[in-house]
Each structure stands twice: as C-alpha cells, then as structure tokens.
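Here is the file model_23.txt (compact mmCIF, C-alpha atoms).
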# COMPACT_ATOMS: atom_id res chain seq x y z
CA MET A 1 116.42 134.07 84.62
CA ALA A 2 112.88 132.94 85.25
CA MET A 3 112.27 129.23 85.54
CA LEU A 4 110.39 127.74 82.62
CA ILE A 5 107.86 125.24 83.79
CA ARG A 6 106.51 123.12 81.00
CA ALA A 7 103.07 121.63 81.20
CA ILE A 8 103.33 118.21 79.66
CA LYS A 9 100.08 116.54 78.82
CA CYS A 10 100.06 112.80 78.67
CA CYS A 11 97.12 110.45 78.53
CA THR A 12 96.92 107.51 80.90
CA THR A 13 94.18 104.92 80.94
CA LEU A 14 93.31 103.23 84.22
CA SER A 15 92.36 99.87 82.85
CA ARG A 16 89.97 97.73 84.85
CA PHE A 17 89.17 95.25 82.06
CA SER A 18 85.86 96.94 81.48
CA SER A 19 83.97 97.88 78.35
CA LEU A 20 82.44 100.88 80.09
CA PRO A 21 82.37 103.91 77.75
CA PHE A 22 84.61 106.86 78.55
CA ALA A 23 81.67 109.20 79.23
CA PHE A 24 79.07 108.35 81.87
CA ARG A 25 75.54 108.65 80.45
CA SER A 26 74.12 109.94 83.73
CA VAL A 27 76.18 111.27 86.59
CA SER A 28 75.50 111.01 90.31
CA THR A 29 78.12 112.11 92.81
CA LEU A 30 78.73 111.46 96.49
CA VAL A 31 80.93 114.05 98.23
CA LEU A 32 82.65 112.99 101.45
CA ALA A 33 82.50 116.08 103.63
CA GLU A 34 84.54 117.05 106.65
CA HIS A 35 83.02 119.17 109.40
CA GLU A 36 84.16 120.84 112.60
CA GLY A 37 82.40 123.01 115.12
CA GLY A 38 79.02 122.58 113.46
CA ALA A 39 80.17 123.75 110.02
CA ILE A 40 81.30 122.02 106.86
CA LYS A 41 84.95 122.79 106.07
CA ALA A 42 85.86 124.97 103.08
CA PRO A 43 87.83 122.24 101.20
CA SER A 44 84.72 120.06 101.19
CA VAL A 45 82.67 122.92 99.71
CA SER A 46 85.39 123.27 97.05
CA ALA A 47 84.92 119.57 96.29
CA VAL A 48 81.21 120.24 95.73
CA GLU A 49 82.12 123.15 93.45
CA ALA A 50 84.38 120.86 91.43
CA THR A 51 81.52 118.43 90.74
CA LYS A 52 79.88 121.07 88.54
CA SER A 53 82.37 120.10 85.81
CA LEU A 54 81.28 116.45 85.80
CA GLY A 55 78.11 117.09 83.81
CA GLY A 56 75.06 119.32 83.63
CA ASP A 57 72.62 116.66 84.90
CA ASN A 58 74.80 115.69 87.83
CA THR A 59 73.04 115.06 91.14
CA VAL A 60 75.25 115.74 94.14
CA SER A 61 74.81 114.13 97.55
CA VAL A 62 76.91 115.00 100.59
CA LEU A 63 77.87 112.46 103.24
CA LEU A 64 78.56 113.61 106.80
CA ALA A 65 79.44 111.36 109.72
CA GLY A 66 79.96 111.98 113.40
CA SER A 67 77.92 112.19 116.56
CA GLY A 68 76.16 114.73 118.70
CA PRO A 69 74.55 118.12 118.06
CA SER A 70 77.50 119.51 116.07
CA LEU A 71 76.94 116.86 113.38
CA HIS A 72 73.32 117.88 112.84
CA GLU A 73 74.24 121.54 112.91
CA ALA A 74 76.85 120.88 110.23
CA ALA A 75 74.27 118.95 108.18
CA ALA A 76 71.83 121.86 108.35
CA ARG A 77 74.52 124.23 107.12
CA ALA A 78 75.70 121.81 104.43
CA ALA A 79 72.16 121.55 103.07
CA SER A 80 72.22 125.22 102.13
CA CYS A 81 75.93 125.92 101.56
CA HIS A 82 75.94 125.24 97.80
CA PRO A 83 73.16 125.19 95.18
CA SER A 84 74.54 122.01 93.58
CA ILE A 85 73.76 119.90 96.64
CA SER A 86 70.55 117.91 96.21
CA GLN A 87 70.77 115.60 99.24
CA VAL A 88 72.62 115.43 102.57
CA PHE A 89 73.19 112.06 104.25
CA VAL A 90 74.01 111.91 107.96
CA ALA A 91 75.60 108.92 109.68
CA ASP A 92 75.15 109.50 113.42
CA SER A 93 77.12 107.08 115.57
CA ASP A 94 79.79 107.21 118.24
CA THR A 95 81.91 105.15 115.82
CA PHE A 96 82.36 108.28 113.71
CA THR A 97 83.10 110.69 116.56
CA HIS A 98 86.63 110.87 115.19
CA PRO A 99 87.25 110.54 111.42
CA LEU A 100 89.26 107.32 111.41
CA ALA A 101 89.88 105.73 108.02
CA GLU A 102 88.57 102.22 108.74
CA PRO A 103 84.98 102.99 109.86
CA TRP A 104 84.67 105.81 107.33
CA ALA A 105 85.76 103.54 104.47
CA ARG A 106 83.22 100.91 105.48
CA LEU A 107 80.56 103.63 105.65
CA VAL A 108 81.42 104.79 102.12
CA HIS A 109 81.21 101.17 100.93
CA LEU A 110 77.78 100.80 102.56
CA VAL A 111 76.39 104.04 101.09
CA GLN A 112 77.80 103.22 97.64
CA GLN A 113 76.18 99.78 97.62
CA ARG A 114 72.83 101.47 98.19
CA GLY A 115 73.23 104.59 96.06
CA ARG A 116 75.29 103.23 93.13
CA TYR A 117 76.99 106.57 92.51
CA THR A 118 79.08 107.09 89.40
CA HIS A 119 81.56 109.34 91.24
CA ILE A 120 82.80 109.68 94.81
CA VAL A 121 84.72 112.88 95.55
CA ALA A 122 86.68 114.19 98.52
CA ALA A 123 89.06 117.06 99.12
CA SER A 124 92.75 116.31 98.68
CA ASN A 125 93.60 117.06 102.31
CA SER A 126 94.44 114.84 105.26
CA PHE A 127 90.77 113.89 105.62
CA GLY A 128 90.31 112.83 101.99
CA LYS A 129 93.74 111.26 101.59
CA ASN A 130 93.14 109.19 104.70
CA ILE A 131 89.71 107.81 103.75
CA LEU A 132 89.43 107.61 99.97
CA PRO A 133 92.23 105.09 99.21
CA ARG A 134 90.91 102.60 101.75
CA ALA A 135 87.34 103.05 100.48
CA ALA A 136 88.59 102.58 96.90
CA ALA A 137 90.25 99.30 97.92
CA LEU A 138 86.99 98.05 99.43
CA LEU A 139 85.16 98.97 96.20
CA ASP A 140 87.95 97.50 94.04
CA VAL A 141 88.56 100.63 91.95
CA SER A 142 91.59 102.81 91.22
CA PRO A 143 91.26 106.37 92.57
CA VAL A 144 92.45 109.46 90.70
CA THR A 145 94.16 111.76 93.18
CA ASP A 146 94.99 115.45 93.48
CA VAL A 147 92.84 116.54 90.54
CA ILE A 148 93.15 120.22 89.52
CA SER A 149 90.80 120.21 86.53
CA LEU A 150 87.85 118.13 85.36
CA CYS A 151 87.26 117.78 81.62
CA GLY A 152 83.91 116.05 81.78
CA SER A 153 82.92 112.94 83.71
CA SER A 154 85.88 110.71 82.87
CA GLN A 155 88.87 112.92 82.00
CA PHE A 156 90.89 114.74 84.62
CA VAL A 157 94.10 116.75 84.98
CA ARG A 158 96.50 116.20 87.86
CA PRO A 159 100.04 117.42 88.56
CA ILE A 160 103.03 115.08 88.46
CA TYR A 161 106.76 115.50 89.09
CA ALA A 162 106.14 117.91 91.98
CA GLY A 163 103.89 120.07 89.82
CA ASN A 164 106.36 120.52 86.98
CA ALA A 165 104.12 118.65 84.56
CA LEU A 166 100.40 118.11 84.16
CA CYS A 167 98.99 114.70 83.34
CA THR A 168 95.62 114.22 81.64
CA VAL A 169 94.05 110.99 82.89
CA ARG A 170 91.10 109.23 81.25
CA TYR A 171 89.23 106.93 83.62
CA ALA A 172 87.94 103.76 81.96
CA GLY A 173 87.20 101.70 85.05
CA THR A 174 84.05 100.48 86.69
CA ASN A 175 81.81 102.59 88.91
CA PRO A 176 82.45 104.49 91.01
CA CYS A 177 85.13 106.84 89.72
CA MET A 178 86.81 108.07 92.92
CA LEU A 179 88.58 111.44 93.01
CA THR A 180 90.42 113.66 95.43
CA ILE A 181 90.22 117.34 94.50
CA ARG A 182 92.86 120.00 95.14
CA SER A 183 90.66 122.63 96.76
CA THR A 184 92.89 125.56 95.76
CA SER A 185 92.05 124.83 92.12
CA PHE A 186 88.30 125.12 92.75
CA PRO A 187 87.71 128.33 94.72
CA ILE A 188 84.26 128.88 96.15
CA PRO A 189 82.50 131.69 94.25
CA ALA A 190 81.90 134.79 96.33
CA GLN A 191 78.24 134.94 95.34
CA ILE A 192 77.46 131.58 96.94
CA ALA A 193 75.60 132.17 100.18
CA ASP A 194 73.53 130.06 102.52
CA SER A 195 69.91 129.89 101.40
CA LYS A 196 67.66 128.11 103.86
CA SER A 197 64.70 128.43 101.50
CA ASN A 198 66.48 126.21 98.95
CA ALA A 199 68.07 123.84 101.46
CA ALA A 200 68.57 120.24 100.35
CA PRO A 201 66.72 117.49 102.24
CA ILE A 202 68.61 115.74 105.04
CA SER A 203 68.35 111.97 105.49
CA GLN A 204 69.72 109.59 108.10
CA VAL A 205 71.92 106.72 106.91
CA ASP A 206 70.50 103.37 108.01
CA LEU A 207 73.34 101.83 110.03
CA SER A 208 71.45 98.67 111.03
CA THR A 209 73.72 96.56 108.82
CA PHE A 210 76.90 98.47 109.68
CA ASP A 211 79.35 96.45 111.77
CA GLU A 212 80.36 98.97 114.41
CA ASP A 213 82.38 96.38 116.35
CA CYS A 214 84.69 95.53 113.46
CA ALA A 215 88.31 95.69 114.64
CA SER A 216 90.13 98.85 113.61
CA LYS A 217 93.87 99.05 113.00
CA SER A 218 94.02 102.66 114.10
CA ARG A 219 92.80 104.45 117.21
CA TYR A 220 92.15 108.02 118.19
CA VAL A 221 94.80 109.45 120.51
CA LYS A 222 94.22 113.20 120.73
CA HIS A 223 93.35 116.27 118.71
CA THR A 224 95.42 119.43 118.66
CA SER A 225 94.50 122.63 116.84
CA GLN A 226 96.18 125.91 116.10
CA ASP A 227 95.32 129.29 117.61
CA LYS A 228 91.73 130.04 116.59
CA GLU A 229 92.57 133.74 116.17
CA ARG A 230 94.97 132.90 113.36
CA PRO A 231 93.57 132.16 109.87
CA ASP A 232 93.57 128.55 108.69
CA LEU A 233 96.68 127.89 106.61
CA GLY A 234 94.82 126.14 103.82
CA ASN A 235 92.34 128.98 103.25
CA ALA A 236 94.17 132.14 104.32
CA ARG A 237 94.36 135.19 102.04
CA VAL A 238 97.90 135.94 103.25
CA VAL A 239 100.54 133.39 104.27
CA VAL A 240 103.90 134.22 105.87
CA THR A 241 106.35 131.34 105.65
CA GLY A 242 109.71 130.77 107.28
CA GLY A 243 112.47 128.39 106.28
CA ARG A 244 115.65 126.96 107.64
CA GLY A 245 117.20 130.42 107.41
CA LEU A 246 115.42 131.32 110.67
CA ARG A 247 117.94 129.02 112.42
CA SER A 248 115.89 128.33 115.57
CA ALA A 249 112.41 128.06 117.02
CA GLU A 250 113.05 131.24 118.98
CA ASN A 251 113.86 133.16 115.79
CA PHE A 252 110.75 131.72 114.12
CA LYS A 253 108.71 133.94 116.44
CA LEU A 254 109.64 136.78 114.08
CA ILE A 255 107.49 135.09 111.43
CA GLU A 256 104.63 134.72 113.91
CA LYS A 257 104.84 138.40 114.90
CA LEU A 258 104.76 139.51 111.27
CA ALA A 259 101.84 137.20 110.54
CA GLU A 260 99.96 138.60 113.51
CA LYS A 261 100.42 142.15 112.22
CA LEU A 262 99.19 141.18 108.76
CA GLY A 263 96.34 138.95 109.95
CA ALA A 264 98.07 136.13 108.06
CA ALA A 265 98.52 132.42 108.50
CA VAL A 266 101.94 131.00 109.38
CA GLY A 267 103.63 128.45 107.14
CA ALA A 268 106.95 126.63 107.19
CA THR A 269 109.20 124.59 104.95
CA ARG A 270 109.89 120.93 105.56
CA ALA A 271 113.43 121.82 106.66
CA ALA A 272 112.05 124.14 109.35
CA VAL A 273 109.60 121.48 110.51
CA ASP A 274 112.24 118.73 110.57
CA ALA A 275 114.49 121.04 112.59
CA GLY A 276 111.74 121.36 115.20
CA PHE A 277 111.08 125.07 114.72
CA VAL A 278 107.31 124.55 114.33
CA PRO A 279 104.83 121.62 114.30
CA ASN A 280 104.32 119.73 111.04
CA ASP A 281 100.74 120.97 110.54
CA LEU A 282 102.29 124.25 109.34
CA GLN A 283 104.33 122.60 106.60
CA VAL A 284 103.71 123.90 103.08
CA GLY A 285 104.76 121.75 100.15
CA GLN A 286 104.32 118.50 98.30
CA THR A 287 104.22 116.50 101.54
CA GLY A 288 102.47 119.26 103.49
CA LYS A 289 99.61 121.61 102.70
CA ILE A 290 98.85 123.04 99.27
CA VAL A 291 98.08 126.76 99.50
CA ALA A 292 97.11 129.44 97.00
CA PRO A 293 96.73 132.72 98.91
CA GLU A 294 96.50 136.17 97.41
CA LEU A 295 99.87 136.99 98.99
CA TYR A 296 102.62 134.52 99.90
CA MET A 297 105.66 135.86 101.76
CA ALA A 298 108.71 133.60 102.08
CA PHE A 299 111.57 134.42 104.46
CA GLY A 300 114.72 132.31 104.53
CA VAL A 301 113.14 129.85 102.09
CA SER A 302 115.57 128.43 99.52
CA GLY A 303 112.84 127.25 97.16
CA ALA A 304 113.19 123.48 96.99
CA ILE A 305 111.01 121.94 94.30
CA GLN A 306 108.93 120.11 96.92
CA HIS A 307 108.09 123.39 98.64
CA ILE A 308 107.31 125.26 95.43
CA ALA A 309 104.85 122.49 94.51
CA GLY A 310 102.74 123.56 97.50
CA MET A 311 102.62 127.32 96.88
CA ARG A 312 103.21 127.94 93.18
CA ASP A 313 99.53 128.86 92.60
CA SER A 314 99.76 131.86 94.96
CA LYS A 315 98.62 135.08 93.28
CA VAL A 316 101.62 137.17 94.44
CA ILE A 317 104.85 135.66 95.79
CA VAL A 318 107.33 137.77 97.77
CA ALA A 319 110.70 136.26 98.70
CA VAL A 320 113.47 137.47 101.00
CA ASN A 321 116.74 135.56 101.04
CA LYS A 322 120.38 136.56 101.42
CA ASP A 323 121.39 134.12 98.65
CA ALA A 324 120.83 135.85 95.31
CA ASP A 325 120.90 132.48 93.53
CA ALA A 326 118.18 130.87 95.67
CA PRO A 327 115.61 129.04 93.47
CA ILE A 328 112.75 130.82 95.25
CA PHE A 329 113.55 133.97 93.26
CA GLN A 330 112.76 132.12 90.03
CA VAL A 331 109.07 131.86 90.97
CA ALA A 332 108.77 135.06 93.03
CA ASP A 333 106.94 138.11 91.71
CA TYR A 334 108.97 140.32 94.04
CA GLY A 335 112.34 139.42 95.52
CA LEU A 336 114.70 141.06 97.97
CA VAL A 337 118.27 139.89 98.50
CA GLY A 338 118.88 140.69 102.13
CA ASP A 339 119.21 139.46 105.69
CA LEU A 340 115.78 138.47 107.01
CA PHE A 341 116.90 139.42 110.54
CA GLU A 342 117.15 142.98 109.30
CA VAL A 343 114.19 142.95 106.91
CA ILE A 344 111.53 141.51 109.25
CA PRO A 345 112.15 143.96 112.14
CA GLU A 346 111.94 146.82 109.64
CA LEU A 347 108.65 145.46 108.28
CA LEU A 348 107.31 145.10 111.82
CA GLU A 349 108.13 148.73 112.40
CA LYS A 350 106.57 149.93 109.15
CA PHE A 351 103.37 147.91 109.15
CA PRO A 352 100.47 149.26 111.23
CA GLU A 353 98.90 147.12 113.90
CA LYS A 354 96.09 144.85 112.69
CA LYS A 355 92.69 146.26 113.54

If you convert what's in this file into structure tokens, what do you get?
Amino acid sequence: MAMLIRAIKCCTTLSRFSSLPFAFRSVSTLVLAEHEGGAIKAPSVSAVEATKSLGGDNTVSVLLAGSGPSLHEAAARAASCHPSISQVFVADSDTFTHPLAEPWARLVHLVQQRGRYTHIVAASNSFGKNILPRAAALLDVSPVTDVISLCGSSQFVRPIYAGNALCTVRYAGTNPCMLTIRSTSFPIPAQIADSKSNAAPISQVDLSTFDEDCASKSRYVKHTSQDKERPDLGNARVVVTGGRGLRSAENFKLIEKLAEKLGAAVGATRAAVDAGFVPNDLQVGQTGKIVAPELYMAFGVSGAIQHIAGMRDSKVIVAVNKDADAPIFQVADYGLVGDLFEVIPELLEKFPEKK
C-alpha cells in the first residue's frame, strides 16, 4: 500500500520585536554565489532563479569571493548567466581563496552594511549552510532555511519532519531576510543562456575596512573532489544509489560500474557511508545531499525516512530489494523484489556501453 504523505501547513512567525510590515515595499537581494574552475555553480544559479518569486521590482546582486584569474572568469560568466542579475560584486583577496565561514560571514556583513539589502539568499548546500548562519548571527537576524517555495517577499515554504510535512513561515523580522534555497525546487530553465550583450556590470568590493587578520576558528586543510568524468551528484539526470545491502566496499563497485554504463552519478545511503563503503560526499538524504534527478535507481536501499527525504522529488524512482516489505517500495514508481547481486550483473549485460 502506497505511503500517504500529508502536507501540513502551519504558520510560524519569526518575531524580532519589530513593527516591520509583512511585505517589503521594495526588494533588493544579494545572492551568495559559489564558484569553481572559473564558473558559477548550478545551485547558486538556482538561488538566483528563486529570487524571481520575491517580487517583480526585485534587483538582484551576486557576491563572489576568492582570488586569482578563476575568480574573475567566474564573475564574467556570472554576469551573463541569468537575466535577473543586475550587478556582480567581486571580493578579490587571498583571505577568500578557500570558502571558510568566518571571513565569508564578515564579508557578507560588510557588503550588507553598505548595500542595505532586504534579502540575502544562498543555496542550501554545504557552501550556504556553512556561511549563512554565521552571517545571520553577525547581522542579528533569524535565517529561514531549506526553502522550497517563495510566496512573495516574506512568506516561504520549507519541509519539516524529514519532508513529511510542509511548514509555511512568515518572516516578520528586521532586514535582511536571510534564506537558504533548496536548489532542486528551483530548476534552471532550459532557455536561459549566457548573453554577453546583456551582461551585468561587475564591481570590486572595497576591502580597505575589512579585517583580514581577524583570527579564524577554522582552517583549510585540503580539498578532495570526485572523478570529473562522473556527473555531479547534486545535478545529475540519473543517480544510481547503493545501500547497506551491498555488504562491502568491494561489492559497491557494482554500483559504480552500472553508473558508468548509464552516465549516472553514484549515491549512497548513510548506512553505506557509515560502514565505510564510500566517502560521505556521496551520501543522499536529510543529512547528505538533496537530489531530484529524472531517474533514481536504488539497490539494497531499505528506505529509511532520512534517506527518502533526500530523494523523494526524483521524477522516476526504481527500487531493487530482496525484502518485499522494504519502505523504499512505498515511494518507488517501479519496484523489483530480487537479489541485487543477480539483478545488477544482468543489467550490466543488457545495457549498452555509454557512448
């Protein structure tokens, strides 16, 4: 029997002892953007897309920070990556070579003091979740996190109880209203393309008053990244996920082989990550990455509520599990009760090689 997931709407007011009206008369938004390899990352573009729902007269500025040529290349691309962007700010300093929370939060505080934005928005990924709360503390406001829908400039919808209920939140605090956006809920329209003729102006942030020597409680250690030939898990069209049913890291290579044939990204449950089968950057779920691919294939995944919270928005869900009563079948569009060690080799044999 299919699981019935009820969407419960409740209204919560974030009181800041302010008489500010619920709707902002004029809206100006600062988007905190993440970049890598000279390009702005897709979740940050989704955050820009989400700002369209804040109001028709909204002016959107994008803030990039870093150092070196890749920063300026990313700024040039950001200026033309979305028609809603009216300004790109660049903070060029060795302090921002790595996106640590402390210097970034102080940068956001500095830019906000000058720009007086009504909204500050970031993607609800590791970048946004790391920076926005600390910046909100410096600005003495309460952030609204993991937003999946914007109903104007002060009312937002976010999931609670691992996605089993939706909460409508009305922000009644002081400026700025700070949001993290679930990028899978704001897909980038296919018709959006870079247009250098309509590129937004790029300005340097004046860092003369920025205290670059302020002690930081965190430090950069190293950066590791996945195989560049494999699609990014957060934006892949197809995701193949393995669970504890794979039993070992060696057996998990079956998932990787199938993903390679399909040109898919590899995902994992928390149980598989905790067991050491794969690194934690492949974890899908409430405490991992939120994905919404066109096709989600789950092998040996029981369907814990925390995992389902991270993939329930997938267009088509296919599950293979030898336990007919596994909860994953309650959300799957197609399910097969069978031994994954028999099913995956058969799929590998049937599927053609990726071209």

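Within 10 Å of A:Glu212, once all atoms listed in the file are used and residues closer than 5 positions along the same chain are dropped, the contacting residues are Ser93, Asp94, Thr95, Phe96, Pro103, Arg106, Leu107 and Leu207 of chain A.
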
Find the residues around stretch 175-185 of chain A up to 8 Å (all atoms listed in the file counted), leave out those fewer than 3 positions away in its own chain, and share them as a short mmCIF file (atom, residue, chain, number, x, y, z; two decimals) with C-alpha atoms, in the coordinates of the input.
data_model
loop_
_atom_site.label_atom_id
_atom_site.label_comp_id
_atom_site.auth_asym_id
_atom_site.auth_seq_id
_atom_site.Cartn_x
_atom_site.Cartn_y
_atom_site.Cartn_z
CA PRO A 43 87.83 122.24 101.20
CA SER A 44 84.72 120.06 101.19
CA SER A 46 85.39 123.27 97.05
CA ALA A 47 84.92 119.57 96.29
CA ALA A 50 84.38 120.86 91.43
CA ARG A 116 75.29 103.23 93.13
CA TYR A 117 76.99 106.57 92.51
CA THR A 118 79.08 107.09 89.40
CA HIS A 119 81.56 109.34 91.24
CA ILE A 120 82.80 109.68 94.81
CA VAL A 121 84.72 112.88 95.55
CA ALA A 122 86.68 114.19 98.52
CA ALA A 123 89.06 117.06 99.12
CA SER A 124 92.75 116.31 98.68
CA ASN A 125 93.60 117.06 102.31
CA GLY A 128 90.31 112.83 101.99
CA LYS A 129 93.74 111.26 101.59
CA LEU A 132 89.43 107.61 99.97
CA ALA A 136 88.59 102.58 96.90
CA VAL A 141 88.56 100.63 91.95
CA SER A 142 91.59 102.81 91.22
CA PRO A 143 91.26 106.37 92.57
CA VAL A 144 92.45 109.46 90.70
CA THR A 145 94.16 111.76 93.18
CA ASP A 146 94.99 115.45 93.48
CA VAL A 147 92.84 116.54 90.54
CA ILE A 148 93.15 120.22 89.52
CA SER A 149 90.80 120.21 86.53
CA SER A 154 85.88 110.71 82.87
CA TYR A 171 89.23 106.93 83.62
CA ILE A 290 98.85 123.04 99.27
CA VAL A 291 98.08 126.76 99.50
CA ALA A 292 97.11 129.44 97.00
#

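Distances here use all atoms listed in the file; by that measure, the residue among A:Val88, A:Ile255, A:Leu262, A:Val284 closest to A:Arg237 is A:Leu262.
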
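The residue set within 6 Å of A:Phe156, counting only C-alpha atoms and dropping same-chain residues fewer than 4 places from it, reads Ser149, Leu150, Cys151, Thr168 and Val169 of chain A.
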
Original post:
Using only C-alpha atoms, which residues sit within 10 Å of A:Gly68 once same-chain residues fewer than 4 positions away are excluded, as a PyMOL selection string?
Top reply: chain A and resi 38+72-73+92-94+97

Store the residues picked out above in a file with C-alpha atoms, as a PDB file, keeping the file's coordinate frame.
ATOM      1  CA  GLY A  38      79.020 122.580 113.460  1.00  0.00           C
ATOM      2  CA  HIS A  72      73.320 117.880 112.840  1.00  0.00           C
ATOM      3  CA  GLU A  73      74.240 121.540 112.910  1.00  0.00           C
ATOM      4  CA  ASP A  92      75.150 109.500 113.420  1.00  0.00           C
ATOM      5  CA  SER A  93      77.120 107.080 115.570  1.00  0.00           C
ATOM      6  CA  ASP A  94      79.790 107.210 118.240  1.00  0.00           C
ATOM      7  CA  THR A  97      83.100 110.690 116.560  1.00  0.00           C
TER       8      THR A  97
END

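Between A:Phe252 and the residues A:Trp104, A:Tyr220, A:Phe299, A:Phe210, the shortest atom-to-atom distance, using all atoms listed in the file, involves A:Phe299.
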
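For A:Val221, the residues within 12 Å (counting all atoms listed in the file, excluding itself and residues fewer than 4 positions away along the chain) are A:His98, A:Pro99, A:Leu100.
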
Since the input has fewer atoms than a full residue there, write stretch 65-89 of chain A out with N, CA and C atoms, as an mmCIF file, keeping the file's coordinate frame.
data_model
loop_
_atom_site.group_PDB
_atom_site.id
_atom_site.type_symbol
_atom_site.label_atom_id
_atom_site.label_comp_id
_atom_site.auth_asym_id
_atom_site.auth_seq_id
_atom_site.Cartn_x
_atom_site.Cartn_y
_atom_site.Cartn_z
ATOM 1 N N ALA A 65 79.481 112.372 108.662
ATOM 2 C CA ALA A 65 79.440 111.360 109.720
ATOM 3 C C ALA A 65 80.011 111.947 110.991
ATOM 4 N N GLY A 66 79.504 111.473 112.107
ATOM 5 C CA GLY A 66 79.960 111.980 113.400
ATOM 6 C C GLY A 66 78.948 111.612 114.458
ATOM 7 N N SER A 67 78.904 112.423 115.502
ATOM 8 C CA SER A 67 77.920 112.190 116.560
ATOM 9 C C SER A 67 77.664 113.501 117.302
ATOM 10 N N GLY A 68 76.486 113.573 117.892
ATOM 11 C CA GLY A 68 76.160 114.730 118.700
ATOM 12 C C GLY A 68 75.544 115.887 117.949
ATOM 13 N N PRO A 69 75.223 116.961 118.652
ATOM 14 C CA PRO A 69 74.550 118.120 118.060
ATOM 15 C C PRO A 69 75.358 118.807 116.954
ATOM 16 N N SER A 70 76.686 118.820 117.078
ATOM 17 C CA SER A 70 77.500 119.510 116.070
ATOM 18 C C SER A 70 77.359 118.869 114.695
ATOM 19 N N LEU A 71 77.142 117.551 114.657
ATOM 20 C CA LEU A 71 76.940 116.860 113.380
ATOM 21 C C LEU A 71 75.683 117.362 112.691
ATOM 22 N N HIS A 72 74.592 117.461 113.431
ATOM 23 C CA HIS A 72 73.320 117.880 112.840
ATOM 24 C C HIS A 72 73.335 119.367 112.499
ATOM 25 N N GLU A 73 74.075 120.136 113.257
ATOM 26 C CA GLU A 73 74.240 121.540 112.910
ATOM 27 C C GLU A 73 75.025 121.684 111.611
ATOM 28 N N ALA A 74 76.065 120.862 111.465
ATOM 29 C CA ALA A 74 76.850 120.880 110.230
ATOM 30 C C ALA A 74 76.011 120.423 109.039
ATOM 31 N N ALA A 75 75.143 119.433 109.259
ATOM 32 C CA ALA A 75 74.270 118.950 108.180
ATOM 33 C C ALA A 75 73.304 120.032 107.731
ATOM 34 N N ALA A 76 72.757 120.778 108.694
ATOM 35 C CA ALA A 76 71.830 121.860 108.350
ATOM 36 C C ALA A 76 72.531 122.938 107.529
ATOM 37 N N ARG A 77 73.773 123.227 107.870
ATOM 38 C CA ARG A 77 74.520 124.230 107.120
ATOM 39 C C ARG A 77 74.941 123.690 105.759
ATOM 40 N N ALA A 78 75.301 122.409 105.711
ATOM 41 C CA ALA A 78 75.700 121.810 104.430
ATOM 42 C C ALA A 78 74.545 121.795 103.441
ATOM 43 N N ALA A 79 73.326 121.625 103.944
ATOM 44 C CA ALA A 79 72.160 121.550 103.070
ATOM 45 C C ALA A 79 71.914 122.829 102.290
ATOM 46 N N SER A 80 72.464 123.945 102.796
ATOM 47 C CA SER A 80 72.220 125.220 102.130
ATOM 48 C C SER A 80 73.508 125.944 101.742
ATOM 49 N N CYS A 81 74.646 125.247 101.815
ATOM 50 C CA CYS A 81 75.930 125.920 101.560
ATOM 51 C C CYS A 81 76.282 126.014 100.093
ATOM 52 N N HIS A 82 75.622 125.211 99.231
ATOM 53 C CA HIS A 82 75.940 125.240 97.800
ATOM 54 C C HIS A 82 74.709 124.806 97.005
ATOM 55 N N PRO A 83 74.373 125.535 95.936
ATOM 56 C CA PRO A 83 73.160 125.190 95.180
ATOM 57 C C PRO A 83 73.223 123.856 94.456
ATOM 58 N N SER A 84 74.419 123.289 94.279
ATOM 59 C CA SER A 84 74.540 122.010 93.580
ATOM 60 C C SER A 84 74.125 120.826 94.430
ATOM 61 N N ILE A 85 74.064 121.015 95.737
ATOM 62 C CA ILE A 85 73.760 119.900 96.640
ATOM 63 C C ILE A 85 72.266 119.589 96.593
ATOM 64 N N SER A 86 71.956 118.322 96.298
ATOM 65 C CA SER A 86 70.550 117.910 96.210
ATOM 66 C C SER A 86 70.124 117.015 97.367
ATOM 67 N N GLN A 87 71.094 116.499 98.131
ATOM 68 C CA GLN A 87 70.770 115.600 99.240
ATOM 69 C C GLN A 87 71.926 115.592 100.230
ATOM 70 N N VAL A 88 71.604 115.548 101.517
ATOM 71 C CA VAL A 88 72.620 115.430 102.570
ATOM 72 C C VAL A 88 72.325 114.173 103.363
ATOM 73 N N PHE A 89 73.326 113.281 103.458
ATOM 74 C CA PHE A 89 73.190 112.060 104.250
ATOM 75 C C PHE A 89 73.985 112.217 105.546
#
